[in-house]
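Engineer: I'm passing along query.csv; it holds CSV, C-alpha atoms.
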chain,number,residue,atom,x,y,z
I,1,MET,CA,17.8,105.9,-2.0
I,2,ALA,CA,16.2,109.1,-0.6
I,3,ILE,CA,12.9,108.7,1.2
I,4,SER,CA,10.3,110.3,-1.1
I,5,SER,CA,7.0,110.1,0.7
I,6,ASN,CA,5.3,110.2,4.1
I,7,LEU,CA,4.3,106.6,3.6
I,8,GLU,CA,7.9,105.4,3.2
I,9,GLN,CA,8.9,107.4,6.3
I,10,GLU,CA,6.2,105.8,8.3
I,11,ILE,CA,7.2,102.3,7.2
I,12,GLU,CA,10.7,103.1,8.2
I,13,GLN,CA,9.6,104.5,11.6
I,14,GLN,CA,8.0,101.2,12.7
I,15,PRO,CA,10.9,99.8,14.8
I,16,GLN,CA,11.0,103.0,16.8
I,17,VAL,CA,7.2,103.3,17.3
I,18,LEU,CA,6.9,99.7,18.3
I,19,GLN,CA,9.6,100.1,20.9
I,20,ARG,CA,7.8,103.2,22.2
I,21,LEU,CA,4.6,101.2,22.7
I,22,LEU,CA,6.4,98.5,24.6
I,23,THR,CA,7.8,101.1,26.9
I,24,SER,CA,4.8,103.3,27.5
I,25,GLU,CA,1.8,101.0,27.5
I,26,ARG,CA,2.8,98.0,29.5
I,27,PRO,CA,1.5,99.5,32.8
I,28,ILE,CA,-2.1,100.1,31.5
I,29,ILE,CA,-2.1,96.7,29.9
I,30,GLN,CA,-1.1,95.1,33.2
I,31,GLN,CA,-4.0,97.0,34.9
I,32,LEU,CA,-6.4,95.7,32.2
I,33,VAL,CA,-5.1,92.1,32.7
I,34,THR,CA,-5.7,92.4,36.5
I,35,GLU,CA,-9.3,93.4,35.8
I,36,LEU,CA,-9.8,90.6,33.3
I,37,HIS,CA,-8.7,88.1,35.9
I,38,ARG,CA,-10.8,89.7,38.6
I,39,ARG,CA,-13.9,89.5,36.5
I,40,GLN,CA,-13.0,86.0,35.2
I,41,ILE,CA,-13.7,87.1,31.7
I,42,SER,CA,-13.3,84.5,29.0
I,43,GLN,CA,-14.8,86.2,25.9
I,44,VAL,CA,-13.8,89.1,23.8
I,45,VAL,CA,-15.9,91.0,21.3
I,46,ILE,CA,-13.9,93.3,19.0
I,47,ALA,CA,-15.3,96.3,17.0
I,48,ALA,CA,-13.0,97.5,14.2
I,49,ARG,CA,-12.9,98.5,10.5
I,50,GLY,CA,-10.3,98.6,7.8
I,51,SER,CA,-6.8,97.7,8.8
I,52,SER,CA,-7.9,97.6,12.4
I,53,ASP,CA,-10.4,94.8,11.4
I,54,ASN,CA,-7.4,92.9,10.1
I,55,ALA,CA,-5.7,93.5,13.5
I,56,ALA,CA,-8.8,92.0,15.1
I,57,ARG,CA,-8.4,88.9,12.9
I,58,TYR,CA,-5.0,88.5,14.4
I,59,ALA,CA,-6.5,88.9,17.9
I,60,GLN,CA,-8.9,86.1,17.2
I,61,TYR,CA,-6.0,83.7,16.8
I,62,VAL,CA,-3.7,85.0,19.5
I,63,PHE,CA,-6.3,85.4,22.3
I,64,GLY,CA,-7.8,82.0,21.3
I,65,SER,CA,-4.5,80.1,21.1
I,66,LEU,CA,-2.5,81.6,23.9
I,67,ASN,CA,-5.3,82.6,26.3
I,68,GLY,CA,-8.2,80.3,25.6
I,69,PHE,CA,-10.6,83.1,24.9
I,70,LEU,CA,-13.6,82.9,22.7
I,71,VAL,CA,-13.2,85.9,20.3
I,72,SER,CA,-15.7,87.3,17.9
I,73,LEU,CA,-15.9,90.3,15.7
I,74,ALA,CA,-18.8,92.7,16.4
I,75,THR,CA,-21.4,93.5,13.8
I,76,PRO,CA,-21.6,97.3,14.3
I,77,SER,CA,-24.7,97.8,12.2
I,78,LEU,CA,-26.7,95.8,14.8
I,79,TYR,CA,-25.8,98.6,17.3
I,80,SER,CA,-25.8,101.7,15.0
I,81,ILE,CA,-28.5,101.0,12.4
I,82,TYR,CA,-30.8,98.1,13.5
I,83,GLN,CA,-30.5,98.9,17.2
I,84,GLN,CA,-30.8,95.2,18.1
I,85,THR,CA,-27.9,94.8,20.5
I,86,PRO,CA,-26.7,91.4,21.6
I,87,GLN,CA,-26.2,90.6,25.3
I,88,LEU,CA,-22.5,91.1,26.2
I,89,LYS,CA,-22.4,89.6,29.7
I,90,ASN,CA,-19.0,88.3,30.9
I,91,THR,CA,-17.3,89.9,27.9
I,92,LEU,CA,-14.5,92.3,27.2
I,93,VAL,CA,-15.6,94.6,24.5
I,94,LEU,CA,-12.5,95.9,22.7
I,95,GLY,CA,-12.6,98.7,20.1
I,96,ILE,CA,-9.6,99.0,17.7
I,97,SER,CA,-9.4,102.1,15.6
I,98,GLN,CA,-6.5,104.3,14.4
I,99,SER,CA,-8.6,107.5,14.7
I,100,GLY,CA,-11.2,106.4,17.2
I,101,GLN,CA,-13.8,108.4,15.3
I,102,SER,CA,-16.1,106.0,13.5
I,103,PRO,CA,-19.6,106.3,15.0
I,104,ASP,CA,-20.6,102.6,14.5
I,105,LEU,CA,-17.5,101.5,16.5
I,106,VAL,CA,-18.2,104.0,19.3
I,107,ALA,CA,-21.8,102.7,19.4
I,108,VAL,CA,-20.6,99.2,20.2
I,109,LEU,CA,-18.6,100.4,23.2
I,110,ALA,CA,-21.3,102.7,24.3
I,111,GLU,CA,-23.8,99.9,24.4
I,112,ALA,CA,-21.3,97.7,26.3
I,113,ARG,CA,-21.1,100.5,29.0
I,114,LEU,CA,-24.9,100.6,29.2
I,115,GLN,CA,-24.8,96.9,29.9
I,116,LYS,CA,-22.0,97.5,32.5
I,117,VAL,CA,-19.6,95.4,30.6
I,118,LEU,CA,-15.8,95.9,30.7
I,119,THR,CA,-14.6,98.0,27.7
I,120,ALA,CA,-11.1,98.8,26.3
I,121,ALA,CA,-9.8,100.7,23.3
I,122,ILE,CA,-6.7,100.5,21.2
I,123,THR,CA,-6.3,103.8,19.4
I,124,ASN,CA,-3.8,106.4,18.3
I,125,PHE,CA,-5.9,109.2,19.8
I,126,TYR,CA,-6.2,109.0,23.5
I,127,ASP,CA,-9.1,111.6,23.6
I,128,SER,CA,-11.1,110.2,20.7
I,129,PRO,CA,-14.8,109.4,21.0
I,130,LEU,CA,-13.9,105.7,21.1
I,131,ALA,CA,-11.4,106.2,23.9
I,132,GLN,CA,-14.0,108.1,25.9
I,133,GLN,CA,-16.2,105.0,25.9
I,134,ALA,CA,-13.4,102.8,27.2
I,135,ASP,CA,-12.6,101.8,30.8
I,136,TYR,CA,-9.0,101.2,29.6
I,137,VAL,CA,-7.2,102.9,26.7
I,138,ILE,CA,-4.1,101.5,25.1
I,139,ASN,CA,-2.5,104.4,23.3
I,140,LEU,CA,-0.6,103.4,20.2
I,141,ASN,CA,1.7,106.4,20.6
I,142,ALA,CA,2.6,106.0,16.9
I,143,GLY,CA,2.7,109.7,16.2
I,144,VAL,CA,0.8,111.4,13.5
I,145,GLU,CA,0.3,109.1,10.5
I,146,LYS,CA,0.2,111.5,7.6
I,147,SER,CA,-0.2,108.9,4.8
I,148,ILE,CA,-3.8,107.7,4.3
I,149,ALA,CA,-2.7,104.0,4.1
I,150,ALA,CA,-2.1,102.6,7.7
I,151,THR,CA,1.3,101.1,8.3
I,152,LYS,CA,2.8,102.0,11.6
I,153,THR,CA,-0.6,102.2,13.3
I,154,TYR,CA,-1.4,98.7,12.0
I,155,THR,CA,1.7,97.1,13.4
I,156,THR,CA,1.4,98.9,16.7
I,157,GLU,CA,-2.2,97.6,17.0
I,158,LEU,CA,-0.8,94.1,16.4
I,159,LEU,CA,1.8,94.7,19.1
I,160,ALA,CA,-0.7,96.0,21.6
I,161,ILE,CA,-2.7,92.8,21.0
I,162,ALA,CA,0.4,90.6,21.3
I,163,LEU,CA,1.5,92.4,24.5
I,164,LEU,CA,-2.0,92.1,26.1
I,165,SER,CA,-2.0,88.4,25.2
I,166,ALA,CA,1.5,87.9,26.6
I,167,GLU,CA,0.7,89.6,29.9
I,168,LEU,CA,-2.5,87.5,30.2
I,169,SER,CA,-0.4,84.3,29.6
I,170,GLN,CA,1.9,85.1,32.5
I,171,GLN,CA,4.7,83.1,30.6
I,172,SER,CA,8.1,84.7,30.6
I,173,THR,CA,9.2,83.2,27.3
I,174,ILE,CA,6.1,84.7,25.6
I,175,LEU,CA,6.8,88.1,27.1
I,176,LYS,CA,10.4,87.9,26.0
I,177,THR,CA,9.3,87.1,22.4
I,178,VAL,CA,7.2,90.3,22.3
I,179,GLN,CA,10.2,92.4,23.3
I,180,THR,CA,12.1,91.2,20.2
I,181,VAL,CA,9.5,92.6,17.8
I,182,PRO,CA,11.1,96.0,17.1
I,183,GLU,CA,14.5,94.4,16.2
I,184,LEU,CA,12.8,91.8,14.0
I,185,VAL,CA,11.0,94.5,12.1
I,186,GLN,CA,14.2,96.4,11.6
I,187,THR,CA,16.0,93.3,10.3
I,188,THR,CA,13.1,92.7,7.9
I,189,LEU,CA,13.4,96.2,6.5
I,190,THR,CA,17.1,95.6,5.8
I,191,LEU,CA,16.5,92.2,4.2
I,192,ASN,CA,14.4,93.6,1.4
I,193,PRO,CA,16.5,96.4,-0.3
I,194,GLU,CA,15.7,95.3,-3.8
I,195,ILE,CA,11.9,95.4,-3.7
I,196,ASN,CA,11.9,98.6,-5.8
I,197,ARG,CA,13.6,96.6,-8.6
I,198,LEU,CA,11.5,93.4,-8.1
I,199,VAL,CA,8.1,95.2,-8.5
I,200,GLU,CA,8.9,96.2,-12.1
I,201,ARG,CA,7.9,92.7,-13.1
I,202,TYR,CA,4.3,93.5,-11.8
I,203,ARG,CA,3.9,97.0,-13.2
I,204,TYR,CA,0.9,95.8,-15.3
I,205,MET,CA,-0.6,93.3,-12.9
I,206,LYS,CA,-4.4,93.8,-12.9
I,207,HIS,CA,-5.5,91.2,-10.4
I,208,CYS,CA,-4.1,88.7,-7.9
I,209,VAL,CA,-4.9,86.8,-4.7
I,210,VAL,CA,-3.1,86.8,-1.3
I,211,ILE,CA,-3.1,83.6,0.7
I,212,GLY,CA,-2.3,83.0,4.4
I,213,ARG,CA,-3.6,80.8,7.1
I,214,GLY,CA,-3.7,80.7,10.9
I,215,TYR,CA,-2.1,83.7,12.5
I,216,ASN,CA,-1.3,85.1,9.0
I,217,TYR,CA,-4.8,85.0,7.8
I,218,ALA,CA,-4.8,88.6,9.1
I,219,THR,CA,-1.7,89.4,7.1
I,220,ALA,CA,-3.4,88.1,3.9
I,221,PHE,CA,-6.2,90.6,4.4
I,222,GLU,CA,-3.9,93.5,5.3
I,223,LEU,CA,-1.6,92.9,2.3
I,224,ALA,CA,-4.6,92.7,0.0
I,225,LEU,CA,-5.9,96.0,1.4
I,226,LYS,CA,-2.6,97.7,0.9
I,227,LEU,CA,-2.4,96.6,-2.7
I,228,LYS,CA,-6.0,97.8,-3.3
I,229,GLU,CA,-5.4,101.2,-1.6
I,230,LEU,CA,-2.1,102.0,-3.1
I,231,THR,CA,-1.9,100.3,-6.5
I,232,TYR,CA,-5.6,100.1,-7.5
I,233,THR,CA,-5.2,96.3,-8.2
I,234,LEU,CA,-8.1,93.9,-7.9
I,235,VAL,CA,-7.0,91.7,-5.0
I,236,GLU,CA,-8.8,89.0,-3.0
I,237,PRO,CA,-7.5,87.5,0.3
I,238,TYR,CA,-8.0,83.9,1.2
I,239,SER,CA,-7.0,81.3,3.7
I,240,SER,CA,-5.3,78.4,1.9
I,241,ALA,CA,-8.2,76.1,3.0
I,242,ASP,CA,-10.9,78.4,1.5
I,243,PHE,CA,-8.9,78.9,-1.7
I,244,LEU,CA,-9.2,75.2,-2.4
I,245,HIS,CA,-13.0,75.3,-2.1
I,246,GLY,CA,-13.6,76.8,-5.5
I,247,PRO,CA,-11.4,79.9,-6.0
I,248,LEU,CA,-8.6,77.7,-7.2
I,249,ALA,CA,-10.4,77.5,-10.5
I,250,ILE,CA,-9.4,81.1,-11.4
I,251,VAL,CA,-5.7,80.1,-11.5
I,252,GLU,CA,-4.2,80.0,-15.0
I,253,PRO,CA,-0.6,80.3,-16.3
I,254,GLY,CA,1.0,83.6,-15.1
I,255,PHE,CA,-1.8,84.3,-12.5
I,256,PRO,CA,-0.1,86.1,-9.6
I,257,VAL,CA,-0.5,84.6,-6.1
I,258,PHE,CA,1.0,86.0,-3.0
I,259,VAL,CA,1.6,83.3,-0.3
I,260,ILE,CA,2.5,84.3,3.3
I,261,ALA,CA,4.4,81.3,4.5
I,262,PRO,CA,6.7,81.8,7.5
I,263,SER,CA,7.8,78.7,9.4
I,264,GLY,CA,5.2,77.2,11.6
I,265,LYS,CA,2.4,74.6,11.9
I,266,VAL,CA,0.6,75.7,8.7
I,267,LEU,CA,3.8,75.7,6.5
I,268,PRO,CA,3.4,72.1,5.2
I,269,GLU,CA,-0.1,72.8,4.0
I,270,LEU,CA,1.0,76.0,2.3
I,271,GLN,CA,3.9,74.2,0.6
I,272,ALA,CA,1.4,71.6,-0.7
I,273,LEU,CA,-0.8,74.4,-2.1
I,274,MET,CA,2.2,76.0,-3.7
I,275,GLN,CA,3.1,72.7,-5.4
I,276,THR,CA,-0.5,72.7,-6.8
I,277,LEU,CA,-0.2,76.3,-7.9
I,278,LYS,CA,3.2,75.6,-9.6
I,279,GLN,CA,1.6,72.7,-11.6
I,280,ARG,CA,-1.0,75.3,-12.8
I,281,GLU,CA,1.9,77.6,-13.7
I,282,ALA,CA,0.9,80.4,-11.3
I,283,GLU,CA,3.3,83.2,-10.6
I,284,LEU,CA,4.2,82.9,-7.0
I,285,ILE,CA,5.3,85.8,-4.8
I,286,VAL,CA,6.3,84.2,-1.5
I,287,ILE,CA,6.9,85.8,1.9
I,288,SER,CA,8.9,83.4,4.0
I,289,ASP,CA,12.0,82.7,6.1
I,290,ASP,CA,12.2,79.1,4.9
I,291,GLN,CA,14.7,78.4,2.1
I,292,GLU,CA,12.8,75.4,0.7
I,293,THR,CA,9.6,77.4,0.6
I,294,LEU,CA,11.2,80.3,-1.2
I,295,LYS,CA,12.3,77.9,-4.0
I,296,PHE,CA,8.6,77.8,-5.1
I,297,ALA,CA,8.8,81.6,-5.8
I,298,GLN,CA,9.3,83.6,-8.9
I,299,THR,CA,9.7,86.5,-6.5
I,300,SER,CA,11.0,86.0,-2.9
I,301,LEU,CA,10.3,88.4,0.0
I,302,ILE,CA,12.5,87.4,2.8
I,303,LEU,CA,11.9,87.2,6.6
I,304,PRO,CA,14.4,86.8,9.4
I,305,PRO,CA,14.7,83.1,10.5
I,306,ASP,CA,13.2,81.4,13.5
I,307,ILE,CA,10.3,83.8,14.3
I,308,PRO,CA,7.7,82.2,16.5
I,309,GLU,CA,4.7,81.7,14.4
I,310,TRP,CA,2.3,83.5,16.7
I,311,ILE,CA,4.3,86.7,16.5
I,312,SER,CA,5.1,86.4,12.7
I,313,PRO,CA,2.2,88.7,11.5
I,314,LEU,CA,4.0,91.7,12.9
I,315,VAL,CA,7.0,91.0,10.7
I,316,ALA,CA,5.4,89.3,7.7
I,317,ILE,CA,3.4,92.4,6.7
I,318,ILE,CA,6.6,94.5,6.3
I,319,PRO,CA,7.7,93.1,2.9
I,320,GLY,CA,4.1,93.5,1.8
I,321,GLN,CA,4.0,97.1,2.8
I,322,LEU,CA,7.3,97.7,0.9
I,323,PHE,CA,6.0,95.8,-2.2
I,324,ALA,CA,2.7,97.9,-2.3
I,325,LEU,CA,4.6,101.1,-1.8
I,326,ASN,CA,7.1,100.4,-4.6
I,327,LEU,CA,4.6,99.1,-7.0
I,328,ALA,CA,2.5,102.2,-6.6
I,329,LEU,CA,5.6,104.4,-7.1
I,330,THR,CA,6.4,102.4,-10.3
I,331,ARG,CA,3.0,103.2,-11.5
I,332,ASN,CA,3.5,106.9,-10.7
I,333,TYR,CA,0.6,106.9,-8.2
I,334,ASN,CA,0.4,109.3,-5.2
I,335,VAL,CA,1.2,106.9,-2.3
I,336,ASP,CA,0.3,109.4,0.4
I,337,HIS,CA,-3.1,110.3,-1.0
I,338,PRO,CA,-4.7,107.4,-2.9
I,339,ARG,CA,-7.6,108.5,-5.1
I,340,GLY,CA,-11.0,108.8,-3.4
I,341,LEU,CA,-9.8,108.1,0.2
I,342,GLN,CA,-9.5,110.0,3.4
I,343,LYS,CA,-7.5,109.3,6.5
I,344,VAL,CA,-10.5,109.2,8.8
I,345,THR,CA,-13.4,107.2,7.5
I,346,GLU,CA,-16.6,107.5,9.6
I,347,THR,CA,-19.1,104.7,9.0
I,348,ARG,CA,-22.5,104.3,10.7
Please express what this file holds, its structure, as structure tokens.
Structural biologist:
Amino acid sequence: MAISSNLEQEIEQQPQVLQRLLTSERPIIQQLVTELHRRQISQVVIAARGSSDNAARYAQYVFGSLNGFLVSLATPSLYSIYQQTPQLKNTLVLGISQSGQSPDLVAVLAEARLQKVLTAAITNFYDSPLAQQADYVINLNAGVEKSIAATKTYTTELLAIALLSAELSQQSTILKTVQTVPELVQTTLTLNPEINRLVERYRYMKHCVVIGRGYNYATAFELALKLKELTYTLVEPYSSADFLHGPLAIVEPGFPVFVIAPSGKVLPELQALMQTLKQREAELIVISDDQETLKFAQTSLILPPDIPEWISPLVAIIPGQLFALNLALTRNYNVDHPRGLQKVTETR
């Protein structure tokens, strides 16, 4: 099928841009790692918005599990509106932003520099205001992203985080895993050729939830955001644990539930939740590589087998991107320019 939009082109470009980041940014990441070790830093504060905030959620799990860092998400309004700034001693302050333009994120890094704290930025614009406040800049090198909805910049942000974590770990097996990501993404794109047909079932879907846990808590938020942006569907993301604490009550026969369930430590819990959802006659759309798990699904979105759980968010979002793209096209929406949105959103 001919590619019909910038968004579809950018989804298809992801294996190439991911490989480019691996090639170009490893030296600067290694320099940052050296400085982190020299300063004996054990905490990370991350400032981000939108899809980049979802990348930051992934960073919480990766830096916490592989590197033992305490990771928190900044509250930018403390810096930009209330001007009541926390003390940031012994911390890496990391800004993540596709555009690097948002004043509230810039304010977080600017305050960190005033406090003489180490700063870094992950951005697609090396000369952006955010980058200018950073001691180290990891350039996404994703090329211009013409579609408003972030796809290739999101996955390259995840890869930058994963590569930084892998270099910090100093474990060869973890570094080798990171190198496989472009190929895994390419395989995932080829495993889902019928999504344009599958989404017809959901043409009139008005609301749904997306569930993930652990590393893929971030994926739940990012998929929910893509469905909101592109298809104008009312979508809420949850961890499987939080969903059981009340929201489960909204499930009735036919209620659509996306479950992100690649192989890993949280899979048994997700399978137990899916069993409960089946008993309530929910409509399950499942993203997984596990054949037993996919049996719970009315609609299966397939991942390559044997992906290490910690790297799976870079791959698990791909079927979600394709689903949101094709559902929007089925509804005859403009996927490159969703209503009321702009590519660069500046918040204060």
Engineer: List every residue of range 277-325 of chain I that has an atom at most 9 Å from any atom of range 173-197 of chain I, giving for each one its closest atom pair and the distance in Å to one decimal, counting only C-alpha atoms, sorted by chain and then by ascending residue number, as a Markdown table.
Structural biologist:
| residue | atom | partner | partner_atom | distance |
| --- | --- | --- | --- | --- |
| I:Leu301 | CA | I:Asn192 | CA | 6.8 |
| I:Ile302 | CA | I:Leu191 | CA | 6.4 |
| I:Leu303 | CA | I:Thr188 | CA | 5.8 |
| I:Pro304 | CA | I:Thr188 | CA | 6.2 |
| I:Ile307 | CA | I:Leu184 | CA | 8.4 |
| I:Pro308 | CA | I:Thr177 | CA | 7.8 |
| I:Ile311 | CA | I:Val178 | CA | 7.4 |
| I:Leu314 | CA | I:Val181 | CA | 7.4 |
| I:Val315 | CA | I:Val185 | CA | 5.5 |
| I:Ala316 | CA | I:Thr188 | CA | 8.4 |
| I:Ile318 | CA | I:Thr188 | CA | 6.9 |
| I:Pro319 | CA | I:Asn192 | CA | 6.9 |
| I:Leu322 | CA | I:Ile195 | CA | 6.9 |
| I:Phe323 | CA | I:Ile195 | CA | 6.1 |
| I:Leu325 | CA | I:Asn196 | CA | 8.7 |
Engineer: Counting only C-alpha atoms, which residue out of I:Leu140, I:Glu12, I:Ala120, I:Pro129 sits closest to Arg26 in chain I?
Structural biologist: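 Distance minimum relative to Arg26 in chain I lands on I:Leu140.
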Engineer: Have a look at CA of Ala131 in chain I and CA of Ile11 in chain I and let me know their distance in Å, one decimal.
Structural biologist: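 One can read the CA of Ala131 in chain I to CA of Ile11 in chain I distance as 25.3 Å.
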Engineer: So which one's closest to Gln9 in chain I, I:Leu32, I:Leu234, I:Val144, I:Val108? Using all atoms listed in the file, please.
Structural biologist: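 Smallest distance to Gln9 in chain I is found for I:Val144.
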Engineer: In Å, rounded to a single decimal, give me how far CA of Ser52 in chain I is from CA of Asn326 in chain I.
Structural biologist: 22.8 Å
Engineer: Neighbourhood query: residues within 12 Å of (-20.2, 103.6, 31.6), file coordinates, counting all atoms listed in the file; return as number ranges by chain.
Structural biologist: I: 109-120, 131-136
Engineer: Provide range 317-326 of chain I rebuilt to all heavy atoms, formatted as a PDB file, in the frame of the given file.
Structural biologist:
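Here's the written file part_8.pdb:
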ATOM      1  N   ILE I 317       4.071  91.333   7.470  1.00  0.00           N
ATOM      2  CA  ILE I 317       3.400  92.400   6.700  1.00  0.00           C
ATOM      3  C   ILE I 317       4.442  93.395   6.149  1.00  0.00           C
ATOM      4  O   ILE I 317       4.152  94.102   5.166  1.00  0.00           O
ATOM      5  CB  ILE I 317       2.363  93.118   7.555  1.00  0.00           C
ATOM      6  CG1 ILE I 317       1.502  94.053   6.692  1.00  0.00           C
ATOM      7  CG2 ILE I 317       3.014  93.883   8.700  1.00  0.00           C
ATOM      8  CD1 ILE I 317       0.797  93.403   5.527  1.00  0.00           C
ATOM      9  N   ILE I 318       5.633  93.457   6.728  1.00  0.00           N
ATOM     10  CA  ILE I 318       6.600  94.500   6.300  1.00  0.00           C
ATOM     11  C   ILE I 318       6.998  94.375   4.853  1.00  0.00           C
ATOM     12  O   ILE I 318       6.935  95.372   4.115  1.00  0.00           O
ATOM     13  CB  ILE I 318       7.842  94.469   7.238  1.00  0.00           C
ATOM     14  CG1 ILE I 318       7.447  94.648   8.708  1.00  0.00           C
ATOM     15  CG2 ILE I 318       8.850  95.529   6.810  1.00  0.00           C
ATOM     16  CD1 ILE I 318       6.719  95.921   9.041  1.00  0.00           C
ATOM     17  N   PRO I 319       7.394  93.195   4.355  1.00  0.00           N
ATOM     18  CA  PRO I 319       7.700  93.100   2.900  1.00  0.00           C
ATOM     19  C   PRO I 319       6.473  93.436   2.050  1.00  0.00           C
ATOM     20  O   PRO I 319       6.621  93.995   0.953  1.00  0.00           O
ATOM     21  CB  PRO I 319       8.126  91.652   2.719  1.00  0.00           C
ATOM     22  CG  PRO I 319       8.529  91.185   4.071  1.00  0.00           C
ATOM     23  CD  PRO I 319       7.658  91.919   5.036  1.00  0.00           C
ATOM     24  N   GLY I 320       5.271  93.118   2.550  1.00  0.00           N
ATOM     25  CA  GLY I 320       4.100  93.500   1.800  1.00  0.00           C
ATOM     26  C   GLY I 320       3.866  94.962   1.704  1.00  0.00           C
ATOM     27  O   GLY I 320       3.490  95.490   0.652  1.00  0.00           O
ATOM     28  N   GLN I 321       4.100  95.667   2.801  1.00  0.00           N
ATOM     29  CA  GLN I 321       4.000  97.100   2.800  1.00  0.00           C
ATOM     30  C   GLN I 321       5.005  97.712   1.752  1.00  0.00           C
ATOM     31  O   GLN I 321       4.664  98.604   0.967  1.00  0.00           O
ATOM     32  CB  GLN I 321       4.321  97.701   4.154  1.00  0.00           C
ATOM     33  CG  GLN I 321       3.285  97.410   5.218  1.00  0.00           C
ATOM     34  CD  GLN I 321       3.740  97.871   6.598  1.00  0.00           C
ATOM     35  OE1 GLN I 321       4.913  98.177   6.812  1.00  0.00           O
ATOM     36  NE2 GLN I 321       2.817  97.940   7.536  1.00  0.00           N
ATOM     37  N   LEU I 322       6.233  97.191   1.775  1.00  0.00           N
ATOM     38  CA  LEU I 322       7.300  97.700   0.900  1.00  0.00           C
ATOM     39  C   LEU I 322       6.907  97.371  -0.591  1.00  0.00           C
ATOM     40  O   LEU I 322       7.128  98.199  -1.486  1.00  0.00           O
ATOM     41  CB  LEU I 322       8.611  97.066   1.216  1.00  0.00           C
ATOM     42  CG  LEU I 322       9.216  97.495   2.555  1.00  0.00           C
ATOM     43  CD1 LEU I 322      10.421  96.616   2.895  1.00  0.00           C
ATOM     44  CD2 LEU I 322       9.620  98.958   2.524  1.00  0.00           C
ATOM     45  N   PHE I 323       6.343  96.191  -0.818  1.00  0.00           N
ATOM     46  CA  PHE I 323       6.000  95.800  -2.200  1.00  0.00           C
ATOM     47  C   PHE I 323       4.865  96.747  -2.701  1.00  0.00           C
ATOM     48  O   PHE I 323       4.952  97.268  -3.820  1.00  0.00           O
ATOM     49  CB  PHE I 323       5.455  94.360  -2.190  1.00  0.00           C
ATOM     50  CG  PHE I 323       5.244  93.797  -3.561  1.00  0.00           C
ATOM     51  CD1 PHE I 323       6.207  92.970  -4.139  1.00  0.00           C
ATOM     52  CD2 PHE I 323       4.092  94.073  -4.289  1.00  0.00           C
ATOM     53  CE1 PHE I 323       6.011  92.449  -5.413  1.00  0.00           C
ATOM     54  CE2 PHE I 323       3.898  93.560  -5.552  1.00  0.00           C
ATOM     55  CZ  PHE I 323       4.864  92.737  -6.123  1.00  0.00           C
ATOM     56  N   ALA I 324       3.822  96.980  -1.881  1.00  0.00           N
ATOM     57  CA  ALA I 324       2.700  97.900  -2.300  1.00  0.00           C
ATOM     58  C   ALA I 324       3.215  99.273  -2.543  1.00  0.00           C
ATOM     59  O   ALA I 324       2.838  99.926  -3.536  1.00  0.00           O
ATOM     60  CB  ALA I 324       1.608  97.824  -1.271  1.00  0.00           C
ATOM     61  N   LEU I 325       4.052  99.782  -1.633  1.00  0.00           N
ATOM     62  CA  LEU I 325       4.600 101.100  -1.800  1.00  0.00           C
ATOM     63  C   LEU I 325       5.366 101.238  -3.119  1.00  0.00           C
ATOM     64  O   LEU I 325       5.128 102.174  -3.912  1.00  0.00           O
ATOM     65  CB  LEU I 325       5.578 101.409  -0.634  1.00  0.00           C
ATOM     66  CG  LEU I 325       6.564 102.569  -0.826  1.00  0.00           C
ATOM     67  CD1 LEU I 325       5.851 103.901  -0.781  1.00  0.00           C
ATOM     68  CD2 LEU I 325       7.682 102.519   0.214  1.00  0.00           C
ATOM     69  N   ASN I 326       6.268 100.319  -3.380  1.00  0.00           N
ATOM     70  CA  ASN I 326       7.100 100.400  -4.600  1.00  0.00           C
ATOM     71  C   ASN I 326       6.375 100.159  -5.858  1.00  0.00           C
ATOM     72  O   ASN I 326       6.687 100.769  -6.883  1.00  0.00           O
ATOM     73  CB  ASN I 326       8.331  99.503  -4.413  1.00  0.00           C
ATOM     74  CG  ASN I 326       9.376 100.067  -3.469  1.00  0.00           C
ATOM     75  OD1 ASN I 326      10.142 100.948  -3.833  1.00  0.00           O
ATOM     76  ND2 ASN I 326       9.398  99.578  -2.242  1.00  0.00           N
TER      77      ASN I 326
END
